[in-house]
$ cat entry_15.csv   # CSV, C-alpha atoms and all ligand atoms
chain,number,residue,atom,x,y,z
A,1,MET,CA,0.0,0.0,0.0
A,2,LYS,CA,2.8,2.3,1.0
A,3,ILE,CA,4.6,1.6,-2.3
A,4,LEU,CA,1.4,2.3,-4.3
A,5,ALA,CA,1.1,5.7,-2.6
A,6,HIS,CA,4.6,6.5,-3.6
A,7,VAL,CA,4.0,5.4,-7.2
A,8,ILE,CA,0.9,7.6,-7.4
A,9,ILE,CA,2.7,10.6,-5.8
A,10,VAL,CA,5.7,10.2,-8.1
A,11,SER,CA,3.5,9.9,-11.2
A,12,ILE,CA,1.5,13.0,-10.3
A,13,LEU,CA,4.6,15.1,-9.5
A,14,THR,CA,6.2,14.0,-12.8
A,15,ILE,CA,3.1,14.9,-14.8
A,16,ILE,CA,2.7,18.3,-13.2
A,17,THR,CA,6.4,19.4,-12.7
A,18,GLN,CA,8.6,16.9,-14.7
A,19,ILE,CA,11.4,16.9,-12.1
A,20,GLY,CA,9.2,16.5,-8.9
A,21,GLY,CA,8.9,12.8,-9.2
A,22,ILE,CA,12.7,12.2,-9.3
A,23,VAL,CA,13.2,14.6,-6.4
A,24,TRP,CA,10.6,12.7,-4.4
A,25,ILE,CA,12.4,9.3,-5.0
A,26,MET,CA,15.9,10.7,-4.3
A,27,ASN,CA,14.7,12.4,-1.1
A,28,PHE,CA,13.1,9.3,0.3
A,29,ALA,CA,16.0,7.1,-0.8
A,30,PHE,CA,18.3,9.4,1.1
A,31,PHE,CA,16.3,9.1,4.4
A,32,ARG,CA,16.2,5.3,3.9
A,33,TRP,CA,20.0,5.3,3.5
A,34,VAL,CA,20.8,7.5,6.6
A,35,LYS,CA,18.1,5.8,8.6
A,36,LYS,CA,17.5,9.0,10.5
A,37,GLY,CA,14.9,11.8,10.5
A,38,ASN,CA,12.1,9.4,9.7
A,39,SER,CA,9.2,11.7,10.6
A,40,LYS,CA,6.9,12.4,7.7
A,41,TRP,CA,7.2,16.1,8.2
A,42,THR,CA,11.0,16.0,8.1
A,43,LYS,CA,10.9,14.1,4.8
A,44,LEU,CA,8.2,16.4,3.3
A,45,SER,CA,10.1,19.6,4.4
A,46,SER,CA,13.3,18.2,3.0
A,47,PHE,CA,11.5,17.4,-0.3
A,48,LEU,CA,10.1,21.0,-0.5
A,49,VAL,CA,13.5,22.6,0.2
A,50,ILE,CA,15.3,20.5,-2.3
A,51,TYR,CA,12.6,21.0,-5.0
A,52,LEU,CA,12.7,24.7,-4.6
A,53,LEU,CA,16.5,24.9,-4.6
A,54,LEU,CA,16.6,22.8,-7.8
A,55,THR,CA,13.7,24.7,-9.4
A,56,PHE,CA,15.2,28.2,-9.0
A,57,LEU,CA,18.9,27.6,-8.9
A,58,ILE,CA,20.0,24.4,-10.6
A,59,ILE,CA,17.4,23.4,-13.2
A,60,PRO,CA,17.8,26.7,-15.2
A,61,ILE,CA,21.6,25.9,-15.6
A,62,PHE,CA,21.0,22.4,-16.8
A,63,ALA,CA,18.0,23.3,-19.0
A,64,LYS,CA,20.2,25.9,-20.8
A,65,ILE,CA,22.7,23.2,-21.6
A,66,SER,CA,20.0,21.1,-23.1
A,67,GLY,CA,18.6,24.1,-25.1
A,68,ARG,CA,15.8,25.6,-23.1
A,69,VAL,CA,15.6,28.7,-20.9
A,70,PRO,CA,13.1,29.9,-18.3
A,71,LEU,CA,10.9,32.9,-19.1
A,72,PRO,CA,11.2,35.8,-16.7
A,73,ILE,CA,9.5,35.6,-13.3
A,74,THR,CA,10.0,39.1,-11.9
A,75,LYS,CA,7.3,41.8,-12.0
A,76,SER,CA,9.8,44.4,-13.3
A,77,ASP,CA,9.9,42.6,-16.7
A,78,ASN,CA,7.4,43.4,-19.5
A,79,LEU,CA,7.0,39.6,-19.9
A,80,ILE,CA,5.3,38.2,-16.8
A,81,PRO,CA,3.8,34.9,-15.7
A,82,HIS,CA,0.0,35.0,-15.4
A,83,ASN,CA,0.3,33.0,-12.2
A,84,TYR,CA,3.5,32.3,-10.2
A,85,ILE,CA,2.4,28.6,-10.0
A,86,THR,CA,3.6,28.2,-13.6
A,87,PRO,CA,7.3,28.9,-12.8
A,88,LEU,CA,7.0,27.1,-9.5
A,89,LEU,CA,6.0,24.0,-11.4
A,90,ASN,CA,8.8,24.4,-14.0
A,91,ARG,CA,6.2,25.0,-16.8
A,92,HIS,CA,7.9,28.2,-18.1
A,93,TYR,CA,10.8,26.8,-20.3
A,94,VAL,CA,11.2,27.7,-24.0
A,95,LYS,CA,13.9,27.7,-26.7
A,96,PRO,CA,16.1,30.8,-26.4
A,97,ARG,CA,14.9,32.3,-29.7
A,98,LEU,CA,11.3,32.1,-28.5
A,99,LYS,CA,12.3,33.9,-25.3
A,100,THR,CA,14.0,36.6,-27.3
A,101,GLN,CA,11.0,37.0,-29.5
A,102,LEU,CA,8.6,37.3,-26.5
A,103,LEU,CA,10.8,39.8,-24.7
A,104,GLU,CA,11.0,42.0,-27.8
A,105,LEU,CA,7.3,41.7,-28.2
A,106,ALA,CA,6.6,42.5,-24.6
A,107,ASP,CA,8.9,45.5,-24.6
A,108,LYS,CA,7.2,46.9,-27.7
A,109,THR,CA,3.8,46.3,-26.2
A,110,ASN,CA,4.8,48.2,-23.1
A,111,SER,CA,6.5,51.0,-25.0
A,112,GLU,CA,3.2,51.6,-26.9
A,113,ASN,CA,1.0,51.3,-23.8
A,114,LYS,CA,2.6,51.6,-20.3
A,115,LEU,CA,-0.4,49.8,-18.7
A,116,LEU,CA,0.2,46.6,-20.6
A,117,LYS,CA,2.7,43.7,-20.3
A,118,VAL,CA,2.6,40.4,-22.0
A,119,SER,CA,1.5,37.6,-19.7
A,120,TYR,CA,2.3,34.0,-20.4
A,121,LEU,CA,0.6,30.8,-19.3
A,122,ASP,CA,1.9,27.2,-19.8
A,123,ALA,CA,5.0,26.9,-21.9
A,124,ASN,CA,7.2,23.7,-21.8
A,125,PHE,CA,9.1,21.7,-19.2
A,126,PRO,CA,12.9,22.2,-19.0
A,127,PHE,CA,14.0,18.9,-20.5
A,128,ILE,CA,13.4,16.2,-23.1
A,129,ASP,CA,11.8,16.8,-26.5
A,130,GLY,CA,8.6,14.8,-26.8
A,131,PHE,CA,7.8,15.0,-23.0
A,132,PRO,CA,4.4,16.6,-23.0
A,133,LEU,CA,3.3,19.3,-20.6
A,134,LEU,CA,-0.1,17.9,-19.9
A,135,PRO,CA,-2.9,18.7,-20.6
A,136,HIS,CA,-1.2,20.3,-23.7
A,137,LEU,CA,0.0,17.5,-25.8
A,138,SER,CA,1.9,19.7,-28.2
A,139,HIS,CA,3.9,21.7,-25.6
A,140,ASN,CA,6.7,19.2,-25.7
A,141,ASP,CA,9.7,20.8,-27.6
A,142,GLY,CA,10.3,24.3,-26.3
A,143,ARG,CA,8.6,26.0,-29.3
A,144,LYS,CA,5.2,26.6,-27.8
A,145,VAL,CA,3.7,29.0,-25.3
A,146,ASP,CA,0.2,30.1,-24.3
A,147,LEU,CA,-0.4,33.8,-23.9
A,148,SER,CA,-3.2,35.6,-22.0
A,149,PHE,CA,-5.9,37.7,-23.7
A,150,TYR,CA,-6.3,41.3,-22.4
A,151,TYR,CA,-9.4,42.4,-20.5
A,152,THR,CA,-10.7,45.7,-19.2
A,153,LYS,CA,-12.6,46.8,-16.2
A,154,ASN,CA,-14.8,49.9,-16.4
A,155,GLU,CA,-12.8,50.6,-19.6
A,156,LYS,CA,-9.5,50.6,-17.7
A,157,GLU,CA,-6.8,48.5,-19.4
A,158,GLY,CA,-4.2,46.3,-17.8
A,159,ASN,CA,-3.2,42.7,-17.3
A,160,LEU,CA,-6.5,41.7,-15.7
A,161,LYS,CA,-7.2,38.1,-15.0
A,162,PRO,CA,-10.7,36.6,-15.4
A,163,SER,CA,-9.3,33.2,-14.2
A,164,ASN,CA,-6.5,32.5,-11.8
A,165,THR,CA,-4.9,29.9,-14.0
A,166,GLY,CA,-5.5,31.9,-17.2
A,167,TYR,CA,-7.6,29.0,-18.6
A,168,GLY,CA,-11.3,28.2,-18.5
A,169,ALA,CA,-12.9,31.7,-18.4
A,170,PHE,CA,-14.2,31.9,-21.9
A,171,VAL,CA,-15.0,34.8,-24.2
A,172,GLU,CA,-18.3,33.2,-25.3
A,173,PRO,CA,-19.6,33.6,-28.8
A,174,SER,CA,-22.7,35.7,-29.1
A,175,ASP,CA,-26.0,34.3,-30.5
A,176,THR,CA,-25.1,35.6,-34.0
A,177,GLU,CA,-21.5,34.3,-34.0
A,178,TYR,CA,-20.3,30.8,-35.0
A,179,ASN,CA,-20.3,28.6,-32.0
A,180,GLN,CA,-17.4,26.2,-32.4
A,181,THR,CA,-17.8,24.7,-28.9
A,182,LYS,CA,-21.4,23.6,-29.8
A,183,GLU,CA,-20.2,22.1,-33.0
A,184,CYS,CA,-17.3,20.2,-31.4
A,185,LYS,CA,-19.4,18.9,-28.5
A,186,SER,CA,-22.2,17.8,-30.7
A,187,ALA,CA,-19.7,15.9,-32.8
A,188,GLY,CA,-18.8,13.9,-29.7
A,189,TYR,CA,-15.8,15.9,-28.4
A,190,TRP,CA,-17.1,16.1,-24.9
A,191,HIS,CA,-13.8,17.3,-23.5
A,192,TYR,CA,-13.7,20.4,-25.7
A,193,ASP,CA,-14.6,22.8,-22.9
A,194,TYR,CA,-13.3,20.9,-19.9
A,195,THR,CA,-10.8,23.6,-19.1
A,196,LYS,CA,-13.8,25.4,-17.4
A,197,PHE,CA,-12.9,23.2,-14.4
A,198,LEU,CA,-9.3,24.5,-14.3
A,199,THR,CA,-9.9,28.1,-13.4
A,200,LEU,CA,-8.9,27.8,-9.7
A,201,GLY,CA,-11.3,30.7,-9.2
A,202,SER,CA,-12.7,33.2,-11.7
A,203,ARG,CA,-14.5,36.5,-12.0
A,204,ASN,CA,-17.0,37.7,-14.5
A,205,ASP,CA,-16.8,41.5,-14.1
A,206,LEU,CA,-14.1,41.9,-16.8
A,207,VAL,CA,-14.7,42.7,-20.5
A,208,PHE,CA,-12.6,41.1,-23.3
A,209,ASP,CA,-10.2,43.8,-24.7
A,210,LEU,CA,-10.5,43.1,-28.4
A,211,GLU,CA,-8.3,46.0,-29.5
A,212,ASN,CA,-5.2,45.2,-27.3
A,213,THR,CA,-5.6,41.4,-27.9
A,214,ARG,CA,-5.8,42.1,-31.6
A,215,ASN,CA,-2.6,44.2,-31.4
A,216,LEU,CA,-0.8,41.4,-29.7
A,217,VAL,CA,-1.9,38.9,-32.3
A,218,ILE,CA,-0.8,41.2,-35.1
A,219,LYS,CA,2.7,41.5,-33.5
A,220,LEU,CA,2.9,37.8,-33.3
A,221,VAL,CA,2.0,37.1,-36.9
A,222,GLN,CA,4.3,39.8,-38.2
A,223,SER,CA,7.3,38.1,-36.6
A,224,PRO,CA,9.1,35.8,-39.2
A,225,LEU,CA,9.8,33.4,-36.3
A,226,THR,CA,6.1,32.7,-35.7
A,227,GLN,CA,4.9,29.4,-37.2
A,228,LYS,CA,1.2,29.5,-36.1
A,229,ILE,CA,-1.3,30.9,-33.7
A,230,LEU,CA,-4.3,28.9,-32.5
A,231,ILE,CA,-7.4,30.8,-31.6
A,232,GLU,CA,-11.2,30.2,-31.6
A,233,PRO,CA,-12.9,31.0,-34.9
A,234,HIS,CA,-15.3,33.6,-33.4
A,235,ILE,CA,-12.5,35.5,-31.8
A,236,ASN,CA,-10.5,35.5,-35.0
A,237,LYS,CA,-13.6,36.8,-36.8
A,238,ARG,CA,-14.0,39.6,-34.3
A,239,MET,CA,-10.4,40.6,-34.8
A,240,ASN,CA,-11.0,40.7,-38.5
A,241,LEU,CA,-7.5,39.4,-39.3
A,242,THR,CA,-6.7,37.2,-42.3
A,243,ASN,CA,-3.3,35.6,-42.1
A,244,ASN,CA,-2.5,31.9,-42.7
A,245,LYS,CA,-0.6,31.7,-39.5
A,246,ILE,CA,-3.8,32.1,-37.5
A,247,ARG,CA,-5.6,28.8,-37.4
A,248,PHE,CA,-8.3,26.8,-35.7
A,249,GLN,CA,-6.9,24.0,-33.4
A,250,GLY,CA,-9.5,21.4,-34.2
A,251,CYS,CA,-12.0,19.6,-31.9
A,252,ARG,CA,-9.4,17.2,-30.6
A,253,ALA,CA,-7.8,20.0,-28.6
A,254,VAL,CA,-9.6,22.3,-26.2
A,255,ARG,CA,-11.4,25.6,-26.9
A,256,HIS,CA,-9.1,28.6,-27.4
A,257,ASP,CA,-11.4,31.5,-26.5
A,258,ASP,CA,-9.6,32.0,-23.2
A,259,HIS,CA,-6.0,32.2,-24.4
A,260,ILE,CA,-3.7,32.4,-27.5
A,261,HIS,CA,-1.6,29.4,-28.4
A,262,HIS,CA,1.7,30.6,-30.0
A,263,GLN,CA,4.4,28.5,-31.6
A,264,ILE,CA,7.6,29.2,-33.5
A,265,ASN,CA,9.3,27.5,-36.5
A,266,ASN,CA,11.5,24.5,-36.1
A,301,ZN,ZN,-1.0,26.0,-26.2

$ encode --input "entry_15.csv" --output "structure tokens"
Amino acid sequence: MKILAHVIIVSILTIITQIGGIVWIMNFAFFRWVKKGNSKWTKLSSFLVIYLLLTFLIIPIFAKISGRVPLPITKSDNLIPHNYITPLLNRHYVKPRLKTQLLELADKTNSENKLLKVSYLDANFPFIDGFPLLPHLSHNDGRKVDLSFYYTKNEKEGNLKPSNTGYGAFVEPSDTEYNQTKECKSAGYWHYDYTKFLTLGSRNDLVFDLENTRNLVIKLVQSPLTQKILIEPHINKRMNLTNNKIRFQGCRAVRHDDHIHHQINN
């Protein structure tokens, strides 16, 4: 039973953080070896300390060697995490050229409007091409990152958050707009809107900021490095942009009227 519990914990930690499962195994192997400090709390505290030290001091060094770098985590940057849980879970790694592109884009955005920064959601794990960052199957090679839409409150702009995770608070289509979610769900893709369960708290007093979101998408498609952008059809229609880099992700994925999926060329 005890082994099964460890297997479950290691699996969950690996799925959520990539490195957490290995840290868990090494930590418990160490306490078994020294045969001291057997209290559960000692082991758990030791795990947390080692995990945090690795996450913020060691992993960035090794990830760089294997070709990925962490996105900024300080508020002083113009590129910011939507939620600090993302870097805490090592889900903010990208290829260096994607980081450079995002930093330039964020600086440009902020130089045009001091109230705005570019906020990122899930990117990739630090290591191993092909290792997916669930639930995003394609975020597995350092070339992908999700970005937040912009919202306003009482016409005031800023990096406002309708959902704590950045996912699951949708910009619903109006009655006259094409409803992709309805189409996908009636075609049997029941999971299409399941991110509504992943908000970790949401608010409904914000208004989708079409203009600033559109400006961000324009900057992304204008960059030669950009390969494609995935966004829900009714949002694309509202933005009135025609560019073959802007695409619909298909019903097998999840709905994209809560964030922008951005990816760069190989
Ligand atoms: Zn994505």

$ atom_distance --input "entry_15.csv" --atom1 "CA of Leu79 in chain A" --atom2 "CA of Leu216 in chain A"
12.7 Å

$ residues_around --input "entry_15.csv" --residues "range 249-266 of chain A" --least-positions-apart "4" --cutoff "9 Å" --atoms "only C-alpha atoms" --output "ChimeraX atom specification"
/A:97-98,121,136-137,142-149,166-173,180-181,183-185,187,189,191-195,217,220,224-235

$ write_last_selection --input "entry_15.csv" --atoms "C-alpha atoms" --output "compact mmCIF listing (two decimals), keeping the file's coordinate frame"
# COMPACT_ATOMS: atom_id res chain seq x y z
CA ARG A 97 14.90 32.30 -29.70
CA LEU A 98 11.30 32.10 -28.50
CA LEU A 121 0.60 30.80 -19.30
CA HIS A 136 -1.20 20.30 -23.70
CA LEU A 137 0.00 17.50 -25.80
CA GLY A 142 10.30 24.30 -26.30
CA ARG A 143 8.60 26.00 -29.30
CA LYS A 144 5.20 26.60 -27.80
CA VAL A 145 3.70 29.00 -25.30
CA ASP A 146 0.20 30.10 -24.30
CA LEU A 147 -0.40 33.80 -23.90
CA SER A 148 -3.20 35.60 -22.00
CA PHE A 149 -5.90 37.70 -23.70
CA GLY A 166 -5.50 31.90 -17.20
CA TYR A 167 -7.60 29.00 -18.60
CA GLY A 168 -11.30 28.20 -18.50
CA ALA A 169 -12.90 31.70 -18.40
CA PHE A 170 -14.20 31.90 -21.90
CA VAL A 171 -15.00 34.80 -24.20
CA GLU A 172 -18.30 33.20 -25.30
CA PRO A 173 -19.60 33.60 -28.80
CA GLN A 180 -17.40 26.20 -32.40
CA THR A 181 -17.80 24.70 -28.90
CA GLU A 183 -20.20 22.10 -33.00
CA CYS A 184 -17.30 20.20 -31.40
CA LYS A 185 -19.40 18.90 -28.50
CA ALA A 187 -19.70 15.90 -32.80
CA TYR A 189 -15.80 15.90 -28.40
CA HIS A 191 -13.80 17.30 -23.50
CA TYR A 192 -13.70 20.40 -25.70
CA ASP A 193 -14.60 22.80 -22.90
CA TYR A 194 -13.30 20.90 -19.90
CA THR A 195 -10.80 23.60 -19.10
CA VAL A 217 -1.90 38.90 -32.30
CA LEU A 220 2.90 37.80 -33.30
CA PRO A 224 9.10 35.80 -39.20
CA LEU A 225 9.80 33.40 -36.30
CA THR A 226 6.10 32.70 -35.70
CA GLN A 227 4.90 29.40 -37.20
CA LYS A 228 1.20 29.50 -36.10
CA ILE A 229 -1.30 30.90 -33.70
CA LEU A 230 -4.30 28.90 -32.50
CA ILE A 231 -7.40 30.80 -31.60
CA GLU A 232 -11.20 30.20 -31.60
CA PRO A 233 -12.90 31.00 -34.90
CA HIS A 234 -15.30 33.60 -33.40
CA ILE A 235 -12.50 35.50 -31.80

$ atom_distance --input "entry_15.csv" --atom1 "CA of Leu200 in chain A" --atom2 "CA of Pro81 in chain A"
15.7 Å

$ closest_residue --input "entry_15.csv" --among "A:Trp33, A:Trp41, A:Tyr93, A:Tyr120" --to "Asn78 in chain A" --atoms "all atoms listed in the file"
A:Tyr120

$ atom_distance --input "entry_15.csv" --atom1 "CA of Ser46 in chain A" --atom2 "CA of Ile128 in chain A"
26.2 Å

$ closest_residue --input "entry_15.csv" --among "A:Ser111, A:Ser138, A:Ser119, A:Ser45" --to "ligand ZN 301 (chain A)" --atoms "all atoms listed in the file"
A:Ser138

$ closest_residue --input "entry_15.csv" --among "A:Pro87, A:Phe197, A:Val23, A:Leu133" --to "ligand ZN 301 (chain A)" --atoms "all atoms listed in the file"
A:Leu133

$ residues_near_point --input "entry_15.csv" --point "(13.4, 10.1, -2.3)" --cutoff "12 Å" --atoms "all atoms listed in the file" --output "MDAnalysis selection string"
chainID A and resid 6:7 9:10 20:34 43:44 46:48 50:51

$ closest_residue --input "entry_15.csv" --among "A:Lys108, A:Lys35, A:His139, A:Arg91" --to "ligand ZN 301 (chain A)" --atoms "all atoms listed in the file"
A:His139

$ residues_near_point --input "entry_15.csv" --point "(-15.5, 41.2, -21.3)" --cutoff "8 Å" --atoms "all atoms listed in the file" --output "VMD selection string"
chain A and resid 151 to 152 171 204 to 209

$ closest_residue --input "entry_15.csv" --among "A:Lys237, A:Lys156, A:Asn140, A:Asp122" --to "ligand ZN 301 (chain A)" --atoms "all atoms listed in the file"
A:Asp122

$ closest_residue --input "entry_15.csv" --among "A:Asn124, A:Asn179, A:Ser186, A:Asn164" --to "ligand ZN 301 (chain A)" --atoms "only C-alpha atoms and all ligand atoms"
A:Asn124

$ axis_aligned_box --input "entry_15.csv" --around "range 138-145 of chain A" --padding-each-side "5 Å" --output "JSON"
{"center_x": 6.1, "center_y": 24.1, "center_z": -27.3, "size_x": 18.4, "size_y": 19.8, "size_z": 14.0}

$ decode --input "entry_15.csv" --residues "range 82-184 of chain A" --atoms "C-alpha atoms" --output "PDB file, in the first residue's frame"
ATOM      1  CA  HIS A  82      -0.025  35.039 -15.428  1.00  0.00           C
ATOM      2  CA  ASN A  83       0.327  33.046 -12.229  1.00  0.00           C
ATOM      3  CA  TYR A  84       3.477  32.257 -10.222  1.00  0.00           C
ATOM      4  CA  ILE A  85       2.381  28.638  -9.991  1.00  0.00           C
ATOM      5  CA  THR A  86       3.601  28.245 -13.604  1.00  0.00           C
ATOM      6  CA  PRO A  87       7.321  28.869 -12.825  1.00  0.00           C
ATOM      7  CA  LEU A  88       6.977  27.093  -9.480  1.00  0.00           C
ATOM      8  CA  LEU A  89       6.006  23.973 -11.414  1.00  0.00           C
ATOM      9  CA  ASN A  90       8.790  24.414 -14.012  1.00  0.00           C
ATOM     10  CA  ARG A  91       6.246  24.977 -16.789  1.00  0.00           C
ATOM     11  CA  HIS A  92       7.874  28.158 -18.144  1.00  0.00           C
ATOM     12  CA  TYR A  93      10.750  26.839 -20.294  1.00  0.00           C
ATOM     13  CA  VAL A  94      11.204  27.673 -23.991  1.00  0.00           C
ATOM     14  CA  LYS A  95      13.878  27.697 -26.670  1.00  0.00           C
ATOM     15  CA  PRO A  96      16.130  30.791 -26.363  1.00  0.00           C
ATOM     16  CA  ARG A  97      14.882  32.280 -29.678  1.00  0.00           C
ATOM     17  CA  LEU A  98      11.259  32.071 -28.490  1.00  0.00           C
ATOM     18  CA  LYS A  99      12.253  33.860 -25.285  1.00  0.00           C
ATOM     19  CA  THR A 100      14.016  36.598 -27.274  1.00  0.00           C
ATOM     20  CA  GLN A 101      10.975  37.006 -29.510  1.00  0.00           C
ATOM     21  CA  LEU A 102       8.612  37.257 -26.524  1.00  0.00           C
ATOM     22  CA  LEU A 103      10.836  39.756 -24.693  1.00  0.00           C
ATOM     23  CA  GLU A 104      11.005  42.021 -27.752  1.00  0.00           C
ATOM     24  CA  LEU A 105       7.269  41.745 -28.243  1.00  0.00           C
ATOM     25  CA  ALA A 106       6.611  42.521 -24.575  1.00  0.00           C
ATOM     26  CA  ASP A 107       8.936  45.546 -24.595  1.00  0.00           C
ATOM     27  CA  LYS A 108       7.233  46.868 -27.736  1.00  0.00           C
ATOM     28  CA  THR A 109       3.785  46.337 -26.233  1.00  0.00           C
ATOM     29  CA  ASN A 110       4.772  48.188 -23.081  1.00  0.00           C
ATOM     30  CA  SER A 111       6.455  51.015 -24.961  1.00  0.00           C
ATOM     31  CA  GLU A 112       3.193  51.579 -26.854  1.00  0.00           C
ATOM     32  CA  ASN A 113       1.016  51.331 -23.750  1.00  0.00           C
ATOM     33  CA  LYS A 114       2.582  51.564 -20.295  1.00  0.00           C
ATOM     34  CA  LEU A 115      -0.404  49.811 -18.723  1.00  0.00           C
ATOM     35  CA  LEU A 116       0.236  46.594 -20.621  1.00  0.00           C
ATOM     36  CA  LYS A 117       2.674  43.745 -20.269  1.00  0.00           C
ATOM     37  CA  VAL A 118       2.602  40.394 -22.039  1.00  0.00           C
ATOM     38  CA  SER A 119       1.480  37.628 -19.740  1.00  0.00           C
ATOM     39  CA  TYR A 120       2.349  33.993 -20.381  1.00  0.00           C
ATOM     40  CA  LEU A 121       0.622  30.795 -19.282  1.00  0.00           C
ATOM     41  CA  ASP A 122       1.925  27.245 -19.776  1.00  0.00           C
ATOM     42  CA  ALA A 123       5.039  26.920 -21.945  1.00  0.00           C
ATOM     43  CA  ASN A 124       7.163  23.730 -21.790  1.00  0.00           C
ATOM     44  CA  PHE A 125       9.106  21.689 -19.240  1.00  0.00           C
ATOM     45  CA  PRO A 126      12.889  22.205 -18.966  1.00  0.00           C
ATOM     46  CA  PHE A 127      13.989  18.879 -20.478  1.00  0.00           C
ATOM     47  CA  ILE A 128      13.409  16.175 -23.127  1.00  0.00           C
ATOM     48  CA  ASP A 129      11.848  16.779 -26.528  1.00  0.00           C
ATOM     49  CA  GLY A 130       8.637  14.798 -26.780  1.00  0.00           C
ATOM     50  CA  PHE A 131       7.842  14.978 -23.040  1.00  0.00           C
ATOM     51  CA  PRO A 132       4.389  16.577 -23.029  1.00  0.00           C
ATOM     52  CA  LEU A 133       3.318  19.267 -20.621  1.00  0.00           C
ATOM     53  CA  LEU A 134      -0.137  17.921 -19.855  1.00  0.00           C
ATOM     54  CA  PRO A 135      -2.889  18.697 -20.609  1.00  0.00           C
ATOM     55  CA  HIS A 136      -1.243  20.317 -23.672  1.00  0.00           C
ATOM     56  CA  LEU A 137       0.018  17.466 -25.830  1.00  0.00           C
ATOM     57  CA  SER A 138       1.926  19.719 -28.219  1.00  0.00           C
ATOM     58  CA  HIS A 139       3.867  21.722 -25.593  1.00  0.00           C
ATOM     59  CA  ASN A 140       6.729  19.238 -25.734  1.00  0.00           C
ATOM     60  CA  ASP A 141       9.672  20.811 -27.569  1.00  0.00           C
ATOM     61  CA  GLY A 142      10.276  24.328 -26.267  1.00  0.00           C
ATOM     62  CA  ARG A 143       8.604  25.966 -29.274  1.00  0.00           C
ATOM     63  CA  LYS A 144       5.162  26.579 -27.757  1.00  0.00           C
ATOM     64  CA  VAL A 145       3.720  28.982 -25.250  1.00  0.00           C
ATOM     65  CA  ASP A 146       0.216  30.097 -24.317  1.00  0.00           C
ATOM     66  CA  LEU A 147      -0.409  33.816 -23.868  1.00  0.00           C
ATOM     67  CA  SER A 148      -3.201  35.637 -22.035  1.00  0.00           C
ATOM     68  CA  PHE A 149      -5.870  37.742 -23.684  1.00  0.00           C
ATOM     69  CA  TYR A 150      -6.311  41.304 -22.440  1.00  0.00           C
ATOM     70  CA  TYR A 151      -9.358  42.440 -20.499  1.00  0.00           C
ATOM     71  CA  THR A 152     -10.705  45.746 -19.240  1.00  0.00           C
ATOM     72  CA  LYS A 153     -12.648  46.764 -16.161  1.00  0.00           C
ATOM     73  CA  ASN A 154     -14.762  49.922 -16.383  1.00  0.00           C
ATOM     74  CA  GLU A 155     -12.816  50.645 -19.563  1.00  0.00           C
ATOM     75  CA  LYS A 156      -9.525  50.611 -17.689  1.00  0.00           C
ATOM     76  CA  GLU A 157      -6.834  48.534 -19.377  1.00  0.00           C
ATOM     77  CA  GLY A 158      -4.240  46.284 -17.788  1.00  0.00           C
ATOM     78  CA  ASN A 159      -3.181  42.687 -17.290  1.00  0.00           C
ATOM     79  CA  LEU A 160      -6.450  41.716 -15.682  1.00  0.00           C
ATOM     80  CA  LYS A 161      -7.245  38.090 -14.976  1.00  0.00           C
ATOM     81  CA  PRO A 162     -10.705  36.569 -15.418  1.00  0.00           C
ATOM     82  CA  SER A 163      -9.342  33.215 -14.201  1.00  0.00           C
ATOM     83  CA  ASN A 164      -6.536  32.468 -11.766  1.00  0.00           C
ATOM     84  CA  THR A 165      -4.878  29.878 -13.968  1.00  0.00           C
ATOM     85  CA  GLY A 166      -5.487  31.855 -17.161  1.00  0.00           C
ATOM     86  CA  TYR A 167      -7.599  29.005 -18.554  1.00  0.00           C
ATOM     87  CA  GLY A 168     -11.298  28.229 -18.491  1.00  0.00           C
ATOM     88  CA  ALA A 169     -12.903  31.713 -18.367  1.00  0.00           C
ATOM     89  CA  PHE A 170     -14.177  31.889 -21.935  1.00  0.00           C
ATOM     90  CA  VAL A 171     -15.024  34.792 -24.219  1.00  0.00           C
ATOM     91  CA  GLU A 172     -18.294  33.165 -25.284  1.00  0.00           C
ATOM     92  CA  PRO A 173     -19.620  33.589 -28.817  1.00  0.00           C
ATOM     93  CA  SER A 174     -22.728  35.744 -29.105  1.00  0.00           C
ATOM     94  CA  ASP A 175     -25.968  34.298 -30.493  1.00  0.00           C
ATOM     95  CA  THR A 176     -25.104  35.561 -33.952  1.00  0.00           C
ATOM     96  CA  GLU A 177     -21.513  34.270 -33.957  1.00  0.00           C
ATOM     97  CA  TYR A 178     -20.341  30.840 -35.031  1.00  0.00           C
ATOM     98  CA  ASN A 179     -20.271  28.560 -31.989  1.00  0.00           C
ATOM     99  CA  GLN A 180     -17.354  26.172 -32.412  1.00  0.00           C
ATOM    100  CA  THR A 181     -17.810  24.684 -28.939  1.00  0.00           C
ATOM    101  CA  LYS A 182     -21.364  23.629 -29.767  1.00  0.00           C
ATOM    102  CA  GLU A 183     -20.157  22.070 -33.021  1.00  0.00           C
ATOM    103  CA  CYS A 184     -17.322  20.156 -31.388  1.00  0.00           C
TER     104      CYS A 184
END
